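*Asks:* My structure is below; once you've seen it, I'll send some questions.
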Amino acid sequence: MNFRKIILNKVYFSADILLFVFIISIKMLQYDKYINPAGHTFKYLFPPIAASVFVIVGISLIFKRRTRYKVLLGADIAISIILFADTVYFGYFKDIISAGAIRNSFLIKDVSASVTSLIRPVFFLYFIDILILIPLSIFYKKHLKDNSRIRLRAAMSIIVILISVSMDAGYFNKLAKDQPNLFETMSNKLYIAEILGNVNYHAADAYSYIVTSLGKSKLPEGREKDIKTFLTGMDTQNEPKMKGVGEGKNLIMIQVEALQQFVINKSVNGQEITPNLNKFINRSLYFDNFYYQVAEGNTSDAEFMVNNSLYPAASGAAYYRYANDTLDSLPSKFNSVGYYTSVMHGNSEGFWNRNVMYKTMKFDDFYGEKSFDMSERIGLGLSDKAFLNQAITKMDTFKQPFYNFMITLSSHHPFDGGGAFGSYDVGDMKGTLLGSYLQAIHYTDAQLGTFFDELEKKGYLDNSIIILYGDHYAMPKQSEKDLYKFLGESNASDFTWFQYQKVPFLIHFPGDKNKGTDHTVAGQMDVLPTISNMFNINQNNYFGRDMLNVGNRFLIFRNGSFINGKYLYISSNNTYYDENTGEKVEEDDKLKAIRDEAQLELSYSDNILDHNLLKDLDEN
Ligand code: GP9
Ligand code: MN
């Protein structure tokens, strides 16, 4: 045989592989183009897709030729079915199917009703190759002899798997570096699918699902009883202060993206950063020692806490991990006393698994991207201006009383408004992350100002209680120098940093009643019991404390840090501080015991979520 013949022969005998690599890659790229219309180039998207396809090829190489063809055909059909399902799902949720979503029966029910209307004939193109590939397999069976040298096949298989897996791992690593926490939280699944391809995404999703399901701890002896006793001890339902003041009134709760406390009542070059919030705070009961308590689930953790008063997940996001639990949530309690409950957020419904979790929490309706006119966008989604404008017209149609939970978005990191933020002058901070943040939050404040005016005009301020707070920090630790310079902090320590992890929290009552500033130390875990007492809705399973009645409290953070009215413990450097002076305090048995108590409380909350205990606790 001459050289040319050998080459031709090789090509002939591996034609099935080349064909499948080509076909599957084309399909995956097509899907990528569909979910990412303005997005990345072929050169950027192709390598990780190819790496994942070659892993499958590597596996197929172990088989004799005829079986190999069947394996590849099977893989092609399986991937086509997944791509088809993901494409249909995307049309509805603007997201990609996850193992958690599949397990959630609510979701399946919901989609099946409208699924046929979502299927477009063009989606069936994913299967068109099969019309040729099946007849081709008959030809293949007839004309090709099986190669039976197992050693050679095994060697080829291992080599291809090793090379493709290590290349693929490289792409995973790169993304994990660019976006720390992305894989732990799986917060932006669509993005993973976009950058790494559909097959890689599903592999990562399955892995994360299995790991988090296996990671569930075993429940210690007698633990369920201990938890019950603990929760009964927490019950502050019948505290006198402001009990029932909200009964029959609407509750409008606004969670503002990245609103940190340090911007309140502060100016740059004589111009207030948040003039409208400052004004509204003066008409409200304002808590100036209120901390965010979020963990890896970020925005979703804040939402989770205020609506459930359970701690965020130890790893990952509760919105994914516990979306199938039974929850004794705020909306479900409001539902049971005849309220209409709704949640609004101008981003795709699937982000943070909201579409699933809001059902689990029993909100009557979720107004996401599909329910808004999305023509004015900033960052991840609808601009706050358009969001708040449209929200109020929706609210006008609601049956009263209602609980409406609203989540703003425009002041999201990296605070790029592309001109929409206007010309708020931040002086020499212009172009820095801090400068951009101040402009972003100034913009959001202006929109909130208009919103408050509308609420007033339409009478909502008289028949509703308004709660507003920030979800989490805006300034990452890397920007601390800029932040301290702006705040005039010298000699800043970890203790100083901690002081700045506060977010504003306000309650506005009809007639501007109860206005003033309350210095009680509190956090996001405390919102539910406070509301529960104010609206007389009797939610009894919570880990927070009624902020209006309990005074300074033992405030625990997900990482084990705590404040107890006397000491601050920072878990990351295992250091205790005097809460008033900031002086370091040596650990002693008493402090150790408090630290353990904090850990125990966190594990109670984890136990409840891991073992779905609220289902039983409710029955008892
Ligand atoms: C996304 C928005 C931002 O819809 O809530 O989430 P974050 O990145 O802040 O957690
Ligand atoms: Mn957020």
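Residue numbering restarts at 1 in every chain; chains get A, B, ... in the order shown in the structure tokens, and ligands count up from 1 in that same order.
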Can you pull out every residue within 12 Å of Thr432 of chain A, counting only C-alpha atoms, but drop anything in the same chain fewer than 4 positions away, and send it as a PyMOL selection string?

*Replies:* chain A and resi 414-416+426-428+436-439+475+478-483+486

*Asks:* Write out, as a PDB file, in the first residue's frame, the residues just selected, with N, CA, C and O atoms.

*Replies:*
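Once written, part.pdb looks like this:
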ATOM      1  N   PRO A 414     -20.958  45.093  37.535  1.00  0.00           N
ATOM      2  CA  PRO A 414     -19.933  46.123  37.789  1.00  0.00           C
ATOM      3  C   PRO A 414     -20.421  47.565  37.614  1.00  0.00           C
ATOM      4  O   PRO A 414     -19.627  48.437  37.320  1.00  0.00           O
ATOM      5  N   PHE A 415     -21.726  47.793  37.802  1.00  0.00           N
ATOM      6  CA  PHE A 415     -22.271  49.163  37.849  1.00  0.00           C
ATOM      7  C   PHE A 415     -22.057  49.925  36.546  1.00  0.00           C
ATOM      8  O   PHE A 415     -21.666  51.083  36.547  1.00  0.00           O
ATOM      9  N   ASP A 416     -22.314  49.231  35.468  1.00  0.00           N
ATOM     10  CA  ASP A 416     -22.136  49.848  34.162  1.00  0.00           C
ATOM     11  C   ASP A 416     -23.510  50.177  33.586  1.00  0.00           C
ATOM     12  O   ASP A 416     -24.258  49.280  33.216  1.00  0.00           O
ATOM     13  N   VAL A 426     -18.885  62.351  40.436  1.00  0.00           N
ATOM     14  CA  VAL A 426     -18.195  61.689  41.549  1.00  0.00           C
ATOM     15  C   VAL A 426     -16.728  62.114  41.634  1.00  0.00           C
ATOM     16  O   VAL A 426     -15.909  61.449  42.271  1.00  0.00           O
ATOM     17  N   GLY A 427     -16.412  63.226  40.990  1.00  0.00           N
ATOM     18  CA  GLY A 427     -15.070  63.797  41.081  1.00  0.00           C
ATOM     19  C   GLY A 427     -13.985  62.831  40.639  1.00  0.00           C
ATOM     20  O   GLY A 427     -14.116  62.156  39.614  1.00  0.00           O
ATOM     21  N   ASP A 428     -12.919  62.750  41.461  1.00  0.00           N
ATOM     22  CA  ASP A 428     -11.781  61.909  41.037  1.00  0.00           C
ATOM     23  C   ASP A 428     -12.042  60.412  41.207  1.00  0.00           C
ATOM     24  O   ASP A 428     -11.190  59.589  40.887  1.00  0.00           O
ATOM     25  N   SER A 436     -18.273  54.287  40.000  1.00  0.00           N
ATOM     26  CA  SER A 436     -19.366  53.729  39.187  1.00  0.00           C
ATOM     27  C   SER A 436     -20.517  53.301  40.081  1.00  0.00           C
ATOM     28  O   SER A 436     -21.689  53.466  39.731  1.00  0.00           O
ATOM     29  N   TYR A 437     -20.186  52.725  41.237  1.00  0.00           N
ATOM     30  CA  TYR A 437     -21.245  52.297  42.158  1.00  0.00           C
ATOM     31  C   TYR A 437     -22.060  53.501  42.621  1.00  0.00           C
ATOM     32  O   TYR A 437     -23.300  53.448  42.645  1.00  0.00           O
ATOM     33  N   LEU A 438     -21.370  54.590  42.992  1.00  0.00           N
ATOM     34  CA  LEU A 438     -22.101  55.761  43.488  1.00  0.00           C
ATOM     35  C   LEU A 438     -23.041  56.300  42.411  1.00  0.00           C
ATOM     36  O   LEU A 438     -24.174  56.690  42.697  1.00  0.00           O
ATOM     37  N   GLN A 439     -22.576  56.264  41.158  1.00  0.00           N
ATOM     38  CA  GLN A 439     -23.450  56.725  40.073  1.00  0.00           C
ATOM     39  C   GLN A 439     -24.638  55.786  39.896  1.00  0.00           C
ATOM     40  O   GLN A 439     -25.767  56.227  39.673  1.00  0.00           O
ATOM     41  N   MET A 475     -19.312  46.930  47.457  1.00  0.00           N
ATOM     42  CA  MET A 475     -17.865  47.061  47.343  1.00  0.00           C
ATOM     43  C   MET A 475     -17.159  45.791  47.793  1.00  0.00           C
ATOM     44  O   MET A 475     -17.241  45.394  48.952  1.00  0.00           O
ATOM     45  N   GLN A 478     -11.490  43.860  47.550  1.00  0.00           N
ATOM     46  CA  GLN A 478     -10.381  44.423  46.758  1.00  0.00           C
ATOM     47  C   GLN A 478     -10.438  45.945  46.684  1.00  0.00           C
ATOM     48  O   GLN A 478      -9.429  46.594  46.471  1.00  0.00           O
ATOM     49  N   SER A 479     -11.646  46.494  46.828  1.00  0.00           N
ATOM     50  CA  SER A 479     -11.782  47.943  46.682  1.00  0.00           C
ATOM     51  C   SER A 479     -11.721  48.667  48.026  1.00  0.00           C
ATOM     52  O   SER A 479     -12.100  49.825  48.124  1.00  0.00           O
ATOM     53  N   GLU A 480     -11.229  47.980  49.059  1.00  0.00           N
ATOM     54  CA  GLU A 480     -11.322  48.587  50.393  1.00  0.00           C
ATOM     55  C   GLU A 480     -10.534  49.901  50.491  1.00  0.00           C
ATOM     56  O   GLU A 480     -10.961  50.828  51.163  1.00  0.00           O
ATOM     57  N   LYS A 481      -9.409  49.971  49.807  1.00  0.00           N
ATOM     58  CA  LYS A 481      -8.600  51.201  49.898  1.00  0.00           C
ATOM     59  C   LYS A 481      -9.409  52.412  49.444  1.00  0.00           C
ATOM     60  O   LYS A 481      -9.464  53.429  50.127  1.00  0.00           O
ATOM     61  N   ASP A 482     -10.032  52.262  48.263  1.00  0.00           N
ATOM     62  CA  ASP A 482     -10.843  53.359  47.724  1.00  0.00           C
ATOM     63  C   ASP A 482     -11.981  53.709  48.670  1.00  0.00           C
ATOM     64  O   ASP A 482     -12.295  54.877  48.890  1.00  0.00           O
ATOM     65  N   LEU A 483     -12.587  52.653  49.218  1.00  0.00           N
ATOM     66  CA  LEU A 483     -13.733  52.870  50.097  1.00  0.00           C
ATOM     67  C   LEU A 483     -13.293  53.631  51.353  1.00  0.00           C
ATOM     68  O   LEU A 483     -13.926  54.619  51.746  1.00  0.00           O
ATOM     69  N   PHE A 486     -12.589  57.241  50.709  1.00  0.00           N
ATOM     70  CA  PHE A 486     -13.834  57.989  50.562  1.00  0.00           C
ATOM     71  C   PHE A 486     -14.493  58.240  51.915  1.00  0.00           C
ATOM     72  O   PHE A 486     -15.036  59.313  52.178  1.00  0.00           O
TER      73      PHE A 486
END

*Asks:* So that each row is one residue of chain A with an atom at most 9 Å from ligand 2, can you give its shortest atom pair and the distance in Å to one decimal, using only C-alpha atoms and all ligand atoms, rows by chain and rising number, as a tab-separated table?

*Replies:*
residue	atom	partner	partner_atom_place_in_ligand_line	distance
A:Gln255	CA	ligand 2	1 (Mn)	8.9
A:Val256	CA	ligand 2	1 (Mn)	7.8
A:Glu257	CA	ligand 2	1 (Mn)	4.7
A:Ala258	CA	ligand 2	1 (Mn)	5.6
A:Leu259	CA	ligand 2	1 (Mn)	8.9
A:Asn298	CA	ligand 2	1 (Mn)	5.8
A:Thr299	CA	ligand 2	1 (Mn)	3.8
A:Ser300	CA	ligand 2	1 (Mn)	7.5
A:Ala302	CA	ligand 2	1 (Mn)	8.2
A:Ile407	CA	ligand 2	1 (Mn)	8.8
A:Thr408	CA	ligand 2	1 (Mn)	8.6
A:Leu409	CA	ligand 2	1 (Mn)	7.3
A:Ser411	CA	ligand 2	1 (Mn)	8.6
A:His412	CA	ligand 2	1 (Mn)	6.5
A:His413	CA	ligand 2	1 (Mn)	8.3
A:Gly470	CA	ligand 2	1 (Mn)	8.4
A:Asp471	CA	ligand 2	1 (Mn)	5.7
A:His472	CA	ligand 2	1 (Mn)	6.3
A:Tyr473	CA	ligand 2	1 (Mn)	8.2
A:Ala474	CA	ligand 2	1 (Mn)	8.5

*Asks:* Write out as a PyMOL selection string which residues come within 9 Å of segment 492-507 of chain A when counting only C-alpha atoms, dropping same-chain ones fewer than 3 positions away.

*Replies:* chain A and resi 258-262+264+280-281+284-292+465-473+477+480+484+489+514-515+523+568+570+573+577+579+582-583

*Asks:* Considering only C-alpha atoms, return as a PyMOL selection string whatever protein or nucleic-acid residues lie within 6 Å of Ser329 of chain A, sequence-local ones (same chain, fewer than 2 positions apart) excluded.

*Replies:* chain A and resi 307-308+327+331-332+361

*Asks:* May I ask which of the residues A:Asp610, A:Asp373, A:Asp76, A:Glu303 is the closest one to ligand 1, counting only C-alpha atoms and all ligand atoms?

*Replies:*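 Of all the options, A:Glu303 lies closest to ligand 1.
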